[in-house]
Amino acid sequence: MANAILGFDVGGTSIKAALVDVDRGQTVTAPRSVPTPQPSTPDQVVHALLQVDRELGATGPVGLAFPSVIQHGIARSAANVDKSWIGFAGGERLAQLLGRPVVFINDADAAGIAEMSTGAGRGEKGVVMLLTFGTGIGSALFNGGVLVPNTELGHLELHGHDAETRASARVKTLEGLGWEGWCERVNDYLAHVHALFWPDVFIIGGSISEDFDKFGHLLRSRASIRRAAYAAHAGIVGAALAAAGRCL
């Protein structure tokens with residue numbers, strides 16, 4: 001398919017990938033998931049990406065969503081991957097080995113691009129914030145449909161702690177929190193973020209959003225709260241859209 005582009009979404013736990021029809025914003029292959037190598041050094045992760053690329057038989061440009069601040073193609077942080085990523089040009093290295101162009105983008109920003117292009121935020125012109133709850137908390141902020149990159153709001157201080165160490169999906173699992181207990185923490189976080197940015201809409205994403213029917217009614221905010229359309233696959237779709245030059 002001419003407009004099928006490979007999107008990668010690298011997380012602290014797994015690497016997900018699929019070919020994406022960027023005209024429709026839909027995966028055209030079943031999403032592939034492999035464990036993130038441990039340690040998750042650049043060489044180890046890039047090797048895993050190359051293997052998945054071969055298995056999917058991809059051609060053309062590649063989108064690489066990654067859990068880091070990405071500035072001018074360089075990873076500037078590494079909250080949930082090996083610290084050796086800091087200062088590493090991940091997209092440039094993968095492009096050298098593939099012989100194809102690679103767009104390197106923050107993972108939550110990629111997810112936000114997917115949601116704002118063809119998902120839960122499509123057509124919204126106010127202030128919209130996507131929050132992804134997974135190993136950590138990712139954020140993507142849009143104003144008038146335009147992305148403000150690298151917000152990293154999962155690392156806001158909340159009651160003396162990094163917010164994602166209190167309210168991520170991983171913490172819910174580790175501490176055995178029920179939906180009510182976890183949502184109490186999420187609501188505290190939403191109130192803190194809202195007081196700083198006053199978004200019109202919160203979009204709740206990450207793999208946990210697949211269970212939105214179980215907890216969505218427990219969330220509270222002065223902003224509208226929506227379930228992400230792409231759930232765990234938003235990063236894949238958004239990375240492919242970015243590689244196709246369809247960033248917002």
# chains A, B, ... in the order shown; residues from 1 in each chain; ligands from 1

$ residues_around --residues "Val237 of chain A" --least-positions-apart "5" --cutoff "12 Å" --atoms "only C-alpha atoms" --output "PyMOL selection string"
chain A and resi 4-9+16-29+31+62-65+107-119+229-232+242-244+246-247

$ write_last_selection --atoms "C-alpha atoms" --output "compact mmCIF listing (two decimals), in the first residue's frame"
# COMPACT_ATOMS: atom_id res chain seq x y z
CA ALA A 4 1.39 2.56 4.55
CA ILE A 5 4.18 3.83 6.79
CA LEU A 6 5.90 2.05 9.66
CA GLY A 7 5.30 3.52 13.12
CA PHE A 8 7.32 2.46 16.18
CA ASP A 9 6.34 3.22 19.77
CA LYS A 16 5.04 -1.71 19.56
CA ALA A 17 4.95 -1.34 15.78
CA ALA A 18 2.62 -1.56 12.80
CA LEU A 19 2.22 -0.35 9.25
CA VAL A 20 -0.23 2.54 9.20
CA ASP A 21 -2.45 3.86 6.43
CA VAL A 22 -1.72 7.55 7.04
CA ASP A 23 -4.65 8.67 4.88
CA ARG A 24 -7.15 6.95 7.17
CA GLY A 25 -5.11 6.92 10.38
CA GLN A 26 -5.52 3.16 10.74
CA THR A 27 -3.10 0.28 11.18
CA VAL A 28 -3.03 -2.07 8.20
CA THR A 29 -1.05 -4.81 9.94
CA PRO A 31 0.25 -4.30 15.89
CA VAL A 62 9.71 5.47 9.52
CA GLY A 63 8.24 7.17 12.58
CA LEU A 64 9.93 6.48 15.91
CA ALA A 65 8.01 7.53 19.04
CA ASP A 107 6.00 9.31 22.42
CA ALA A 108 3.20 11.30 24.02
CA ASP A 109 3.49 13.97 21.32
CA ALA A 110 3.08 11.21 18.73
CA ALA A 111 0.00 9.89 20.52
CA GLY A 112 -1.40 13.41 20.64
CA ILE A 113 -0.90 13.87 16.90
CA ALA A 114 -2.93 10.72 16.29
CA GLU A 115 -5.76 11.79 18.59
CA MET A 116 -5.90 15.34 17.23
CA SER A 117 -5.70 14.22 13.59
CA THR A 118 -8.27 11.45 13.46
CA GLY A 119 -9.12 10.58 17.07
CA ALA A 229 -9.71 6.74 20.40
CA TYR A 230 -6.46 4.89 19.76
CA ALA A 231 -5.69 3.69 23.30
CA ALA A 232 -2.38 1.80 23.32
CA ALA A 242 4.80 12.39 11.74
CA ALA A 243 6.96 10.38 9.34
CA ALA A 244 4.50 11.28 6.58
CA ARG A 246 1.41 15.25 8.84
CA CYS A 247 2.29 16.80 12.19

$ residues_around --residues "Phe202 of chain A" --least-positions-apart "3" --cutoff "12 Å" --atoms "only C-alpha atoms" --output "ChimeraX atom specification"
/A:112,115-116,120-121,124,126-132,139-142,186-187,189-191,193-194,197-199,205,216,219-228

$ select_by_dssp --residues "segment 71-231 of chain A" --states "strand (DSSP E or B)" --output "ChimeraX atom specification"
/A:71,74-75,102-106,127-133,137-143,146-148,157-158,161-162,201-205,224-227

$ atom_distance --atom1 "atom CA of Gly235 of chain A" --atom2 "atom CA of Asp162 of chain A"
22.9 Å

$ residues_around --residues "Ala169 of chain A" --least-positions-apart "4" --cutoff "8 Å" --atoms "only C-alpha atoms" --output "NGL selection string"
:A and (133-136 or 173 or 208)

$ write_last_selection --atoms "N, CA and C atoms" --output "mmCIF file, in the first residue's frame"
data_model
loop_
_atom_site.group_PDB
_atom_site.id
_atom_site.type_symbol
_atom_site.label_atom_id
_atom_site.label_comp_id
_atom_site.auth_asym_id
_atom_site.auth_seq_id
_atom_site.Cartn_x
_atom_site.Cartn_y
_atom_site.Cartn_z
ATOM 1 N N PHE A 133 -1.397 7.167 30.391
ATOM 2 C CA PHE A 133 -1.080 6.511 31.654
ATOM 3 C C PHE A 133 -0.559 5.108 31.342
ATOM 4 N N GLY A 134 0.718 4.900 31.629
ATOM 5 C CA GLY A 134 1.343 3.610 31.370
ATOM 6 C C GLY A 134 2.461 3.397 32.364
ATOM 7 N N THR A 135 3.672 3.069 31.869
ATOM 8 C CA THR A 135 4.826 2.938 32.748
ATOM 9 C C THR A 135 5.049 4.240 33.503
ATOM 10 N N GLY A 136 4.833 5.360 32.809
ATOM 11 C CA GLY A 136 4.858 6.685 33.414
ATOM 12 C C GLY A 136 3.596 7.427 33.027
ATOM 13 N N THR A 173 -0.777 -0.887 39.358
ATOM 14 C CA THR A 173 -0.512 -2.323 39.419
ATOM 15 C C THR A 173 0.410 -2.681 40.584
ATOM 16 N N ILE A 208 -4.265 1.700 29.506
ATOM 17 C CA ILE A 208 -5.315 1.604 30.528
ATOM 18 C C ILE A 208 -6.630 2.193 30.027
#

$ atom_distance --atom1 "atom CA of Glu152 of chain A" --atom2 "atom CA of Gly138 of chain A"
6.2 Å

$ closest_residue --among "A:Val34, A:Leu156, A:Ala240, A:Asn106" --to "Asn3 of chain A" --atoms "only C-alpha atoms"
A:Ala240

$ atom_distance --atom1 "atom CA of Ser168 of chain A" --atom2 "atom CA of Ile137 of chain A"
5.6 Å

$ closest_residue --among "A:Asp43, A:Glu92, A:Asp213, A:Glu164" --to "Ala79 of chain A" --atoms "only C-alpha atoms"
A:Glu164

$ residues_around --residues "Ile70 of chain A" --least-positions-apart "3" --cutoff "8 Å" --atoms "only C-alpha atoms" --output "mmCIF file with C-alpha atoms, in the first residue's frame"
data_model
loop_
_atom_site.group_PDB
_atom_site.id
_atom_site.type_symbol
_atom_site.label_atom_id
_atom_site.label_comp_id
_atom_site.auth_asym_id
_atom_site.auth_seq_id
_atom_site.Cartn_x
_atom_site.Cartn_y
_atom_site.Cartn_z
ATOM 1 C CA GLY A 73 16.682 14.835 16.717
ATOM 2 C CA ILE A 74 18.513 14.300 20.024
ATOM 3 C CA ALA A 75 17.125 12.504 23.103
ATOM 4 C CA ARG A 76 17.488 14.857 26.062
ATOM 5 C CA SER A 77 15.984 12.741 28.849
ATOM 6 C CA PHE A 104 12.265 10.798 15.946
ATOM 7 C CA ILE A 105 9.499 12.174 18.194
ATOM 8 C CA ASN A 106 8.405 12.183 21.832
ATOM 9 C CA ASN A 150 7.968 18.036 24.943
#

$ residues_around --residues "Arg185 of chain A" --least-positions-apart "3" --cutoff "7 Å" --atoms "only C-alpha atoms" --output "ChimeraX atom specification"
/A:166-167,181-182,188-189

$ write_last_selection --atoms "N, CA and C atoms" --output "JSON list (two decimals), in the first residue's frame"
[["chain", "number", "residue", "atom", "x", "y", "z"],
["A", 166, "ARG", "N", 3.12, 8.52, 41.45],
["A", 166, "ARG", "CA", 1.90, 8.46, 42.27],
["A", 166, "ARG", "C", 0.69, 7.98, 41.49],
["A", 167, "ALA", "N", 0.65, 8.28, 40.17],
["A", 167, "ALA", "CA", -0.62, 8.09, 39.47],
["A", 167, "ALA", "C", -0.51, 7.38, 38.12],
["A", 181, "GLY", "N", -9.36, 4.02, 44.19],
["A", 181, "GLY", "CA", -8.14, 4.53, 44.78],
["A", 181, "GLY", "C", -7.22, 5.17, 43.77],
["A", 182, "TRP", "N", -7.11, 4.53, 42.61],
["A", 182, "TRP", "CA", -6.26, 5.08, 41.56],
["A", 182, "TRP", "C", -6.84, 6.37, 41.01],
["A", 188, "ASP", "N", -6.52, 14.12, 41.55],
["A", 188, "ASP", "CA", -5.63, 15.07, 42.20],
["A", 188, "ASP", "C", -4.64, 15.64, 41.18],
["A", 189, "TYR", "N", -4.13, 14.76, 40.35],
["A", 189, "TYR", "CA", -3.19, 15.17, 39.30],
["A", 189, "TYR", "C", -3.88, 16.05, 38.27]]

$ residues_around --residues "Phe215 of chain A" --least-positions-apart "2" --cutoff "8 Å" --atoms "only C-alpha atoms" --output "PyMOL selection string"
chain A and resi 179-180+183+211-213+217-219

$ write_last_selection --atoms "C-alpha atoms" --output "short mmCIF file (atom, residue, chain, number, x, y, z; two decimals), in the first residue's frame"
data_model
loop_
_atom_site.label_atom_id
_atom_site.label_comp_id
_atom_site.auth_asym_id
_atom_site.auth_seq_id
_atom_site.Cartn_x
_atom_site.Cartn_y
_atom_site.Cartn_z
CA TRP A 179 -10.18 1.88 40.35
CA GLU A 180 -11.48 4.24 43.02
CA CYS A 183 -8.79 7.59 40.19
CA ASP A 211 -10.72 -0.08 30.46
CA PHE A 212 -12.19 3.44 30.40
CA ASP A 213 -15.71 2.06 30.88
CA HIS A 217 -17.17 7.78 35.55
CA LEU A 218 -14.83 8.22 38.53
CA LEU A 219 -12.75 10.96 36.90
#

$ residues_around --residues "Leu98 of chain A" --least-positions-apart "6" --cutoff "10 Å" --atoms "only C-alpha atoms" --output "list of chain:residue names"
A:Leu49, A:Leu50, A:Asp53, A:Arg54, A:Thr59, A:Gly60, A:Pro61, A:Val62, A:Glu92
